[in-house]
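Printed here is upload-v9.cif (mmCIF, C-alpha atoms and all ligand atoms):
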```
data_input
loop_
_atom_site.label_atom_id
_atom_site.label_comp_id
_atom_site.auth_asym_id
_atom_site.auth_seq_id
_atom_site.Cartn_x
_atom_site.Cartn_y
_atom_site.Cartn_z
CA MET A 1 66.76 -117.27 88.34
CA GLY A 2 64.30 -115.40 90.57
CA LYS A 3 61.45 -116.54 88.32
CA LYS A 4 62.62 -120.13 88.53
CA ILE A 5 62.60 -120.11 92.32
CA ILE A 6 59.13 -118.59 92.36
CA SER A 7 57.82 -121.18 89.94
CA VAL A 8 59.39 -124.02 91.96
CA LEU A 9 57.86 -122.53 95.09
CA SER A 10 54.43 -122.30 93.45
CA CYS A 11 54.67 -125.92 92.39
CA ILE A 12 55.42 -126.94 95.95
CA LEU A 13 52.58 -124.76 97.21
CA ILE A 14 50.07 -126.10 94.71
CA GLY A 15 51.27 -129.63 95.44
CA ALA A 16 50.81 -129.09 99.17
CA LEU A 17 47.33 -127.70 98.59
CA LEU A 18 46.39 -130.70 96.47
CA VAL A 19 47.66 -133.13 99.11
CA GLY A 20 45.75 -131.16 101.72
CA CYS A 21 42.55 -131.46 99.70
CA ASN A 22 43.12 -135.15 99.21
CA GLN A 23 43.46 -135.77 102.91
CA LYS A 24 40.23 -133.92 103.51
CA GLY A 25 38.40 -135.95 100.88
CA LYS A 26 37.48 -139.07 102.79
CA THR A 27 38.07 -142.64 101.83
CA LYS A 28 34.60 -143.79 100.80
CA ASP A 29 31.50 -142.45 99.07
CA LEU A 30 29.75 -143.31 102.31
CA ILE A 31 31.06 -140.06 103.77
CA ASN A 32 28.53 -137.30 103.38
CA ASP A 33 29.58 -134.78 100.70
CA GLU A 34 28.31 -131.83 102.69
CA ASN A 35 30.98 -132.24 105.37
CA LYS A 36 33.86 -129.94 104.57
CA ASP A 37 36.23 -130.51 107.47
CA ASN A 38 38.00 -133.78 108.08
CA LYS A 39 36.12 -135.02 111.11
CA ILE A 40 33.70 -137.90 110.86
CA LYS A 41 30.27 -136.53 111.75
CA VAL A 42 28.51 -139.05 113.91
CA MET A 43 24.94 -138.90 115.12
CA VAL A 44 24.06 -141.23 117.96
CA SER A 45 20.60 -141.94 119.35
CA ILE A 46 21.26 -141.96 123.09
CA TYR A 47 23.84 -140.40 125.38
CA PRO A 48 26.07 -143.35 126.35
CA LEU A 49 26.80 -144.05 122.66
CA LYS A 50 28.14 -140.51 122.36
CA GLU A 51 30.76 -141.11 124.99
CA PHE A 52 31.73 -144.52 123.57
CA THR A 53 32.16 -143.03 120.10
CA GLU A 54 34.23 -140.14 121.43
CA LYS A 55 36.40 -142.52 123.45
CA ILE A 56 37.19 -144.62 120.39
CA GLY A 57 37.18 -141.91 117.72
CA GLY A 58 39.12 -139.29 119.71
CA ASN A 59 39.79 -136.09 117.74
CA ASN A 60 38.68 -137.66 114.49
CA VAL A 61 35.00 -137.60 115.32
CA GLU A 62 32.37 -134.99 116.00
CA VAL A 63 29.48 -136.60 117.81
CA ASN A 64 25.97 -135.33 118.36
CA CYS A 65 23.12 -136.98 120.17
CA LEU A 66 19.51 -137.09 118.94
CA VAL A 67 17.87 -137.36 122.35
CA PRO A 68 18.46 -134.04 124.13
CA ASP A 69 20.06 -133.90 127.59
CA ASN A 70 17.66 -134.35 130.47
CA MET A 71 15.04 -136.04 128.34
CA GLU A 72 13.85 -139.53 129.18
CA PRO A 73 14.82 -141.39 125.97
CA HIS A 74 11.93 -143.85 126.28
CA ASP A 75 9.64 -140.84 125.67
CA TYR A 76 11.59 -139.36 122.74
CA GLU A 77 10.30 -139.01 119.15
CA PRO A 78 12.51 -137.46 116.43
CA LYS A 79 11.46 -134.09 115.02
CA THR A 80 11.90 -132.79 111.45
CA LYS A 81 15.04 -130.91 112.52
CA ASP A 82 16.50 -134.16 113.92
CA PHE A 83 15.98 -135.90 110.59
CA GLU A 84 17.71 -133.00 108.82
CA ASN A 85 20.74 -133.25 111.11
CA LEU A 86 20.76 -136.98 110.70
CA THR A 87 20.94 -136.84 106.90
CA LYS A 88 23.96 -134.51 107.18
CA SER A 89 25.92 -137.05 109.23
CA ASP A 90 28.44 -139.60 107.99
CA MET A 91 27.31 -142.21 110.46
CA PHE A 92 24.29 -142.95 112.59
CA ILE A 93 24.83 -145.18 115.63
CA TYR A 94 21.85 -146.50 117.55
CA ASN A 95 21.47 -148.86 120.47
CA GLY A 96 18.97 -151.28 118.94
CA LEU A 97 17.06 -153.88 121.01
CA GLY A 98 13.94 -151.71 120.75
CA MET A 99 15.47 -148.78 122.65
CA GLU A 100 14.62 -146.59 119.63
CA SER A 101 10.95 -147.37 119.05
CA TRP A 102 11.08 -144.84 116.18
CA ILE A 103 13.95 -146.50 114.29
CA ASP A 104 11.80 -147.40 111.26
CA SER A 105 11.00 -143.73 110.62
CA VAL A 106 14.76 -142.99 110.50
CA ASN A 107 15.39 -145.84 108.11
CA ASN A 108 12.90 -144.31 105.72
CA VAL A 109 14.70 -140.96 105.74
CA ILE A 110 18.43 -141.68 105.54
CA ASP A 111 20.28 -142.65 102.38
CA GLU A 112 22.49 -145.56 103.37
CA LYS A 113 24.98 -144.67 100.67
CA LYS A 114 25.64 -141.40 102.49
CA VAL A 115 25.03 -142.24 106.13
CA LEU A 116 26.50 -145.45 107.53
CA LYS A 117 23.93 -147.00 109.85
CA VAL A 118 25.31 -148.90 112.84
CA ASN A 119 23.27 -151.12 115.12
CA SER A 120 25.66 -151.06 118.07
CA SER A 121 24.07 -154.01 119.89
CA GLU A 122 24.46 -156.46 117.01
CA GLY A 123 25.97 -159.68 118.33
CA ILE A 124 25.52 -158.97 122.05
CA ASP A 125 24.10 -161.55 124.45
CA ILE A 126 20.50 -160.30 124.53
CA ARG A 127 18.53 -160.38 127.77
CA LYS A 128 14.79 -160.92 127.74
CA GLU A 129 12.08 -160.45 130.34
CA GLY A 130 9.39 -162.88 129.31
CA GLU A 131 8.71 -162.00 125.69
CA LEU A 132 10.20 -158.52 126.00
CA ILE A 133 13.74 -157.66 124.93
CA ASP A 134 15.62 -155.60 127.53
CA PRO A 135 17.17 -152.60 125.72
CA HIS A 136 19.52 -151.46 128.55
CA SER A 137 22.61 -153.26 127.28
CA TRP A 138 24.93 -150.29 127.94
CA LEU A 139 24.52 -150.89 131.68
CA SER A 140 26.46 -154.14 131.31
CA LEU A 141 30.21 -153.67 131.53
CA ILE A 142 30.47 -156.88 129.48
CA GLN A 143 27.91 -156.32 126.71
CA VAL A 144 29.03 -152.76 126.20
CA GLN A 145 32.38 -154.10 125.01
CA LYS A 146 30.67 -155.67 121.99
CA GLN A 147 28.84 -152.39 121.35
CA CYS A 148 32.14 -150.52 121.43
CA GLU A 149 33.69 -153.10 119.11
CA ASN A 150 30.86 -152.49 116.62
CA ILE A 151 31.44 -148.73 116.87
CA LYS A 152 35.19 -149.23 116.38
CA ASP A 153 34.62 -151.43 113.32
CA ALA A 154 32.28 -148.83 111.82
CA LEU A 155 34.85 -146.04 112.30
CA ILE A 156 37.49 -148.20 110.62
CA LYS A 157 35.11 -148.86 107.74
CA LEU A 158 34.84 -145.12 107.07
CA ASP A 159 38.40 -144.17 107.97
CA GLU A 160 40.70 -147.10 107.39
CA LYS A 161 43.92 -145.10 107.62
CA ASN A 162 43.32 -144.52 111.32
CA THR A 163 42.69 -148.19 112.08
CA GLN A 164 45.53 -148.40 114.58
CA LYS A 165 44.33 -145.41 116.55
CA TYR A 166 40.77 -146.76 116.81
CA GLU A 167 42.02 -150.21 117.78
CA GLU A 168 44.22 -148.73 120.51
CA ASN A 169 41.50 -146.49 121.94
CA TYR A 170 39.06 -149.39 121.91
CA LYS A 171 41.51 -151.68 123.69
CA LYS A 172 42.23 -149.06 126.34
CA PHE A 173 38.53 -148.58 127.09
CA LYS A 174 37.88 -152.34 127.05
CA ASP A 175 40.63 -152.79 129.67
CA GLU A 176 38.98 -150.16 131.90
CA LEU A 177 35.62 -151.91 131.57
CA ASN A 178 37.09 -155.30 132.39
CA SER A 179 39.02 -153.99 135.34
CA LEU A 180 35.91 -152.40 136.88
CA TYR A 181 33.94 -155.59 136.21
CA ASN A 182 36.54 -157.80 137.86
CA GLU A 183 36.77 -155.55 140.91
CA TYR A 184 33.02 -155.69 141.61
CA SER A 185 32.50 -159.26 140.51
CA GLY A 186 34.70 -160.33 143.43
CA LYS A 187 32.95 -157.98 145.86
CA PHE A 188 29.38 -159.01 144.97
CA ASN A 189 30.28 -162.70 145.13
CA GLN A 190 31.01 -162.32 148.83
CA LEU A 191 27.59 -160.85 149.64
CA GLU A 192 24.56 -162.84 150.71
CA LYS A 193 21.99 -160.16 149.91
CA LYS A 194 21.31 -159.87 146.18
CA ASP A 195 18.09 -157.82 145.85
CA PHE A 196 17.78 -154.10 145.33
CA ILE A 197 14.96 -151.71 144.37
CA THR A 198 15.22 -149.31 141.41
CA GLY A 199 13.08 -146.66 139.72
CA HIS A 200 12.57 -148.34 136.35
CA ALA A 201 13.78 -151.79 135.39
CA ALA A 202 16.97 -150.60 133.71
CA PHE A 203 19.52 -152.76 135.52
CA GLY A 204 18.70 -156.25 134.26
CA TYR A 205 21.99 -156.63 132.38
CA LEU A 206 23.98 -155.32 135.34
CA CYS A 207 22.16 -157.82 137.59
CA ARG A 208 22.88 -160.68 135.20
CA ASP A 209 26.59 -159.76 135.16
CA PHE A 210 26.89 -159.81 138.95
CA GLY A 211 24.28 -162.39 140.01
CA LEU A 212 22.03 -159.69 141.49
CA SER A 213 18.28 -159.08 141.24
CA GLN A 214 16.29 -155.87 140.80
CA LYS A 215 12.73 -155.00 141.69
CA SER A 216 11.42 -151.80 140.15
CA VAL A 217 8.83 -149.11 140.69
CA GLU A 218 8.31 -148.70 136.92
CA ASN A 219 8.58 -151.25 134.12
CA LEU A 220 11.30 -151.93 131.54
CA TYR A 221 10.38 -148.89 129.45
CA GLY A 222 9.92 -146.45 132.31
CA GLU A 223 6.16 -146.60 131.96
CA GLY A 224 3.41 -146.73 134.50
CA GLU A 225 3.42 -146.17 138.21
CA PRO A 226 2.67 -149.20 140.35
CA THR A 227 -0.93 -149.98 141.32
CA PRO A 228 -1.71 -149.81 145.06
CA LYS A 229 -1.47 -153.61 145.15
CA GLN A 230 1.97 -153.61 143.47
CA LEU A 231 3.15 -150.90 145.83
CA GLU A 232 1.98 -152.96 148.79
CA GLU A 233 3.92 -155.94 147.44
CA LEU A 234 7.03 -153.77 147.11
CA VAL A 235 6.58 -152.51 150.67
CA ASN A 236 6.28 -156.07 151.97
CA PHE A 237 9.28 -157.17 149.93
CA CYS A 238 11.40 -154.35 151.37
CA LYS A 239 10.35 -155.17 154.91
CA ASP A 240 10.91 -158.92 154.48
CA ASN A 241 14.34 -158.38 152.93
CA ASN A 242 15.46 -155.58 155.23
CA ILE A 243 15.95 -153.19 152.27
CA LYS A 244 17.61 -149.99 153.50
CA ASN A 245 18.06 -148.09 150.21
CA ILE A 246 15.59 -147.33 147.43
CA PHE A 247 17.43 -146.31 144.28
CA SER A 248 15.96 -143.46 142.32
CA GLU A 249 16.78 -142.09 138.87
CA SER A 250 16.53 -138.42 138.11
CA LEU A 251 14.29 -139.06 135.09
CA ALA A 252 11.89 -141.67 136.47
CA SER A 253 9.15 -141.14 139.08
CA PRO A 254 11.20 -140.18 142.15
CA LYS A 255 7.88 -139.50 143.93
CA VAL A 256 6.92 -143.17 144.11
CA SER A 257 10.43 -144.10 145.21
CA LYS A 258 10.16 -141.55 148.03
CA THR A 259 6.78 -142.86 149.11
CA LEU A 260 8.11 -146.39 149.17
CA ALA A 261 11.22 -145.36 151.10
CA SER A 262 9.24 -143.55 153.79
CA GLU A 263 6.84 -146.52 154.11
CA VAL A 264 9.66 -148.92 154.88
CA GLY A 265 12.07 -146.54 156.62
CA ALA A 266 14.68 -146.66 153.86
CA ASP A 267 16.80 -143.92 152.29
CA VAL A 268 16.39 -142.74 148.70
CA VAL A 269 19.74 -143.07 146.92
CA PRO A 270 20.44 -141.79 143.40
CA ILE A 271 21.47 -144.21 140.67
CA TYR A 272 22.50 -143.52 137.07
CA THR A 273 20.79 -145.23 134.14
CA LEU A 274 23.09 -143.20 131.86
CA GLU A 275 20.14 -142.81 129.50
CA SER A 276 20.92 -139.12 129.56
CA ASN A 277 23.82 -136.93 130.63
CA GLU A 278 23.51 -136.90 134.41
CA ASP A 279 25.76 -134.75 136.60
CA ASN A 280 28.32 -134.60 133.75
CA LYS A 281 29.76 -137.90 134.90
CA GLY A 282 31.72 -140.08 132.50
CA TYR A 283 30.57 -143.64 131.90
CA ILE A 284 33.22 -145.37 134.01
CA ASP A 285 32.78 -142.96 136.94
CA ALA A 286 28.99 -143.24 136.86
CA MET A 287 29.12 -147.04 136.65
CA ARG A 288 31.63 -147.17 139.50
CA GLU A 289 29.30 -145.04 141.64
CA ASN A 290 26.33 -147.24 140.75
CA LEU A 291 28.20 -150.38 141.72
CA GLU A 292 29.57 -148.87 144.91
CA ARG A 293 26.10 -147.72 146.01
CA ILE A 294 24.46 -151.04 145.19
CA TYR A 295 27.27 -152.83 147.02
CA ASP A 296 26.90 -150.60 150.08
CA SER A 297 23.14 -151.10 150.18
CA LEU A 298 23.53 -154.90 150.04
CA ASN A 299 26.32 -154.89 152.58
CA LYS A 300 24.13 -153.41 155.33
ZN ZN A 401 15.30 -147.31 130.38
#
```
Would you write the structure of this file as structure tokens?
Amino acid sequence: MGKKIISVLSCILIGALLVGCNQKGKTKDLINDENKDNKIKVMVSIYPLKEFTEKIGGNNVEVNCLVPDNMEPHDYEPKTKDFENLTKSDMFIYNGLGMESWIDSVNNVIDEKKVLKVNSSEGIDIRKEGELIDPHSWLSLIQVQKQCENIKDALIKLDEKNTQKYEENYKKFKDELNSLYNEYSGKFNQLEKKDFITGHAAFGYLCRDFGLSQKSVENLYGEGEPTPKQLEELVNFCKDNNIKNIFSESLASPKVSKTLASEVGADVVPIYTLESNEDNKGYIDAMRENLERIYDSLNK
């Protein structure tokens, strides 16, 4: 009798262990074999994609970012160690649109059967400046919704059984994005002033969303300080348009912004490009602060 109970118990135990193992083994061969726990290991290229993936994936994902905190991503190049970490991931999410100038070197290294590669900006409404593609799509509350949808779809592809959870998290975040957009769309529509000055030309998508216009100290890729002639033009523009705030990013030439501000008697005001983790602010909070500060500067 005793033996019988023990053997029944062992069966249950072994059964439970087997089920446990099965749940850990993930749905597709795409999942990297080296991952032993049941979280999806995601590598993203730049910081905002980390937060989007965590928002949608919740506890089911472990996300790392290739570009280290406090590094200007336009200057980043992956190191050998980065490639090693990348090949151990289940998924690699990048922004696309030329934000990762080094993307071809990654494509040569990762095995697409093991690491699912996700171009998060696929299908967005791309903005161009002349011939150049503007990579800063995550600064659009509208375009970022498509990027999050792509991330959500990729998570579902690897982990179909949690489809409902990913759909719900995505919808919740999308609602937050839309609500912030609607709030400021109404506010900006009532303003006559539309021009503001930034550090590097990162806010083109944001401007397009709200009918605003940016002038910048540095170009689209955060390169090059202005020539004396360009600086003079900026000074004249600020004076002609009664510009009272010069926005400055922590990672892009604050010195020039300060010079400009003192020339025209304006204040230097911080703005977040979200290209890196700044002040440990979440995406929605940082975007709300950006919009509030731009609004205040145009409302003077
Ligand atoms: Zn940038």
One number please: CA of Asn245 in chain A to CA of Phe203 in chain A, in Å, one decimal. 15.5 Å
Please return, as a PyMOL selection string, all polymer residues that have at least one atom within 12 Å of the point (34.5, -140.3, 119.8); use all atoms listed in the file and the file's own coordinate frame. chain A and resi 39-44+48-65+91+93+148+151-152+154-155+165-166+169-170+173
Write out the residues from the selection above, keeping C-alpha atoms, as a short mmCIF file (atom, residue, chain, number, x, y, z; two decimals), keeping the file's coordinate frame.
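As written to disk, part03.cif reads:
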```cif
data_model
loop_
_atom_site.label_atom_id
_atom_site.label_comp_id
_atom_site.auth_asym_id
_atom_site.auth_seq_id
_atom_site.Cartn_x
_atom_site.Cartn_y
_atom_site.Cartn_z
CA LYS A 39 36.12 -135.02 111.11
CA ILE A 40 33.70 -137.90 110.86
CA LYS A 41 30.27 -136.53 111.75
CA VAL A 42 28.51 -139.05 113.91
CA MET A 43 24.94 -138.90 115.12
CA VAL A 44 24.06 -141.23 117.96
CA PRO A 48 26.07 -143.35 126.35
CA LEU A 49 26.80 -144.05 122.66
CA LYS A 50 28.14 -140.51 122.36
CA GLU A 51 30.76 -141.11 124.99
CA PHE A 52 31.73 -144.52 123.57
CA THR A 53 32.16 -143.03 120.10
CA GLU A 54 34.23 -140.14 121.43
CA LYS A 55 36.40 -142.52 123.45
CA ILE A 56 37.19 -144.62 120.39
CA GLY A 57 37.18 -141.91 117.72
CA GLY A 58 39.12 -139.29 119.71
CA ASN A 59 39.79 -136.09 117.74
CA ASN A 60 38.68 -137.66 114.49
CA VAL A 61 35.00 -137.60 115.32
CA GLU A 62 32.37 -134.99 116.00
CA VAL A 63 29.48 -136.60 117.81
CA ASN A 64 25.97 -135.33 118.36
CA CYS A 65 23.12 -136.98 120.17
CA MET A 91 27.31 -142.21 110.46
CA ILE A 93 24.83 -145.18 115.63
CA CYS A 148 32.14 -150.52 121.43
CA ILE A 151 31.44 -148.73 116.87
CA LYS A 152 35.19 -149.23 116.38
CA ALA A 154 32.28 -148.83 111.82
CA LEU A 155 34.85 -146.04 112.30
CA LYS A 165 44.33 -145.41 116.55
CA TYR A 166 40.77 -146.76 116.81
CA ASN A 169 41.50 -146.49 121.94
CA TYR A 170 39.06 -149.39 121.91
CA PHE A 173 38.53 -148.58 127.09
#
```
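The interatomic distance for the pair CA of Ser179 in chain A and CA of Met99 in chain A works out to 27.3 Å.
One distance worth recording is that between CA of Asn241 in chain A and CA of Leu298 in chain A, which is 10.2 Å.
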Select the residues contacting ligand ZN 401 (chain A) at a distance of at most 7 Å, based on all atoms listed in the file, then format the selection as a PyMOL selection string. chain A and resi 74+136+200-202+220-222+273+275
Judged by only C-alpha atoms, the minimum distance to Ile246 in chain A among A:Gly199, A:Glu223, A:Cys207, A:Tyr76 is found for A:Gly199
If we count only C-alpha atoms and set the cut-off at 10 Å, which residues sit around Arg288 in chain A, ignoring sequence neighbours fewer than 3 positions away in its own chain? Please answer as a PyMOL selection string. chain A and resi 180-181+183-184+282-285+291-294
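Distance check against Asp125 in chain A using all atoms listed in the file: of A:Ser276, A:Glu72, A:Lys113, A:Tyr205, the minimum falls on A:Tyr205.
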Expected file content for range 162-174 of chain A, all heavy atoms, as a compact mmCIF listing (two decimals), in the first residue's frame:
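The result, written out as decode.txt:
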```
# COMPACT_ATOMS: atom_id res chain seq x y z
N ASN A 162 1.10 33.74 -25.19
CA ASN A 162 0.83 34.97 -24.43
C ASN A 162 0.29 36.10 -25.30
O ASN A 162 0.39 37.28 -24.93
CB ASN A 162 2.10 35.42 -23.70
CG ASN A 162 2.36 34.57 -22.47
OD1 ASN A 162 1.47 34.45 -21.61
ND2 ASN A 162 3.52 33.96 -22.38
N THR A 163 -0.27 35.74 -26.42
CA THR A 163 -0.80 36.74 -27.37
C THR A 163 -1.69 37.77 -26.68
O THR A 163 -1.53 38.98 -26.85
CB THR A 163 -1.62 36.04 -28.48
OG1 THR A 163 -0.74 35.18 -29.20
CG2 THR A 163 -2.24 37.04 -29.43
N GLN A 164 -2.62 37.27 -25.87
CA GLN A 164 -3.59 38.18 -25.25
C GLN A 164 -2.91 39.23 -24.37
O GLN A 164 -3.24 40.42 -24.40
CB GLN A 164 -4.59 37.37 -24.44
CG GLN A 164 -5.87 38.16 -24.18
CD GLN A 164 -6.79 37.46 -23.19
OE1 GLN A 164 -6.62 36.26 -22.92
NE2 GLN A 164 -7.74 38.20 -22.66
N LYS A 165 -1.93 38.77 -23.61
CA LYS A 165 -1.21 39.67 -22.72
C LYS A 165 -0.50 40.76 -23.52
O LYS A 165 -0.57 41.95 -23.18
CB LYS A 165 -0.18 38.85 -21.92
CG LYS A 165 0.66 39.66 -20.99
CD LYS A 165 1.59 38.79 -20.17
CE LYS A 165 2.47 39.66 -19.29
NZ LYS A 165 3.36 38.89 -18.44
N TYR A 166 0.19 40.36 -24.61
CA TYR A 166 0.92 41.35 -25.41
C TYR A 166 -0.04 42.32 -26.09
O TYR A 166 0.24 43.52 -26.16
CB TYR A 166 1.81 40.64 -26.44
CG TYR A 166 2.84 39.72 -25.82
CD1 TYR A 166 3.14 38.48 -26.39
CD2 TYR A 166 3.51 40.07 -24.65
CE1 TYR A 166 4.08 37.63 -25.82
CE2 TYR A 166 4.45 39.22 -24.07
CZ TYR A 166 4.72 38.01 -24.65
OH TYR A 166 5.64 37.16 -24.08
N GLU A 167 -1.17 41.79 -26.55
CA GLU A 167 -2.16 42.66 -27.19
C GLU A 167 -2.70 43.68 -26.18
O GLU A 167 -2.85 44.86 -26.50
CB GLU A 167 -3.35 41.83 -27.74
CG GLU A 167 -3.02 40.93 -28.92
CD GLU A 167 -2.87 41.68 -30.26
OE1 GLU A 167 -2.98 42.92 -30.26
OE2 GLU A 167 -2.61 41.01 -31.27
N GLU A 168 -2.98 43.23 -24.97
CA GLU A 168 -3.52 44.13 -23.95
C GLU A 168 -2.51 45.21 -23.56
O GLU A 168 -2.86 46.39 -23.45
CB GLU A 168 -3.91 43.33 -22.69
CG GLU A 168 -5.26 42.62 -22.84
CD GLU A 168 -5.52 41.64 -21.70
OE1 GLU A 168 -4.76 41.64 -20.70
OE2 GLU A 168 -6.48 40.86 -21.84
N ASN A 169 -1.26 44.79 -23.32
CA ASN A 169 -0.23 45.77 -22.94
C ASN A 169 -0.02 46.80 -24.04
O ASN A 169 0.17 47.99 -23.78
CB ASN A 169 1.10 45.06 -22.66
CG ASN A 169 1.05 44.24 -21.38
OD1 ASN A 169 0.15 44.40 -20.57
ND2 ASN A 169 2.03 43.36 -21.19
N TYR A 170 -0.03 46.30 -25.27
CA TYR A 170 0.15 47.19 -26.43
C TYR A 170 -1.00 48.21 -26.49
O TYR A 170 -0.77 49.41 -26.66
CB TYR A 170 0.22 46.37 -27.71
CG TYR A 170 0.02 47.16 -28.97
CD1 TYR A 170 0.95 48.11 -29.38
CD2 TYR A 170 -1.11 46.96 -29.77
CE1 TYR A 170 0.75 48.85 -30.54
CE2 TYR A 170 -1.31 47.69 -30.92
CZ TYR A 170 -0.38 48.63 -31.30
OH TYR A 170 -0.58 49.36 -32.44
N LYS A 171 -2.21 47.72 -26.31
CA LYS A 171 -3.37 48.60 -26.42
C LYS A 171 -3.34 49.68 -25.33
O LYS A 171 -3.63 50.85 -25.57
CB LYS A 171 -4.67 47.79 -26.34
CG LYS A 171 -5.87 48.69 -26.32
CD LYS A 171 -7.16 48.07 -26.78
CE LYS A 171 -8.24 49.13 -26.95
NZ LYS A 171 -8.29 50.15 -25.89
N LYS A 172 -2.94 49.26 -24.13
CA LYS A 172 -2.87 50.19 -23.01
C LYS A 172 -1.87 51.32 -23.31
O LYS A 172 -2.14 52.49 -23.08
CB LYS A 172 -2.44 49.42 -21.76
CG LYS A 172 -2.80 50.10 -20.47
CD LYS A 172 -2.53 49.18 -19.28
CE LYS A 172 -2.11 50.02 -18.10
NZ LYS A 172 -0.93 49.56 -17.39
N PHE A 173 -0.71 50.94 -23.82
CA PHE A 173 0.32 51.93 -24.12
C PHE A 173 -0.12 52.84 -25.28
O PHE A 173 0.08 54.05 -25.24
CB PHE A 173 1.64 51.22 -24.44
CG PHE A 173 2.82 52.15 -24.55
CD1 PHE A 173 3.06 53.11 -23.57
CD2 PHE A 173 3.68 52.07 -25.63
CE1 PHE A 173 4.15 53.98 -23.67
CE2 PHE A 173 4.77 52.93 -25.73
CZ PHE A 173 5.01 53.88 -24.75
N LYS A 174 -0.74 52.24 -26.29
CA LYS A 174 -1.24 52.99 -27.44
C LYS A 174 -2.25 54.05 -26.97
O LYS A 174 -2.25 55.18 -27.45
CB LYS A 174 -1.88 52.01 -28.42
CG LYS A 174 -2.23 52.56 -29.78
CD LYS A 174 -2.84 51.43 -30.61
CE LYS A 174 -3.77 51.95 -31.68
NZ LYS A 174 -3.14 52.07 -32.99
```
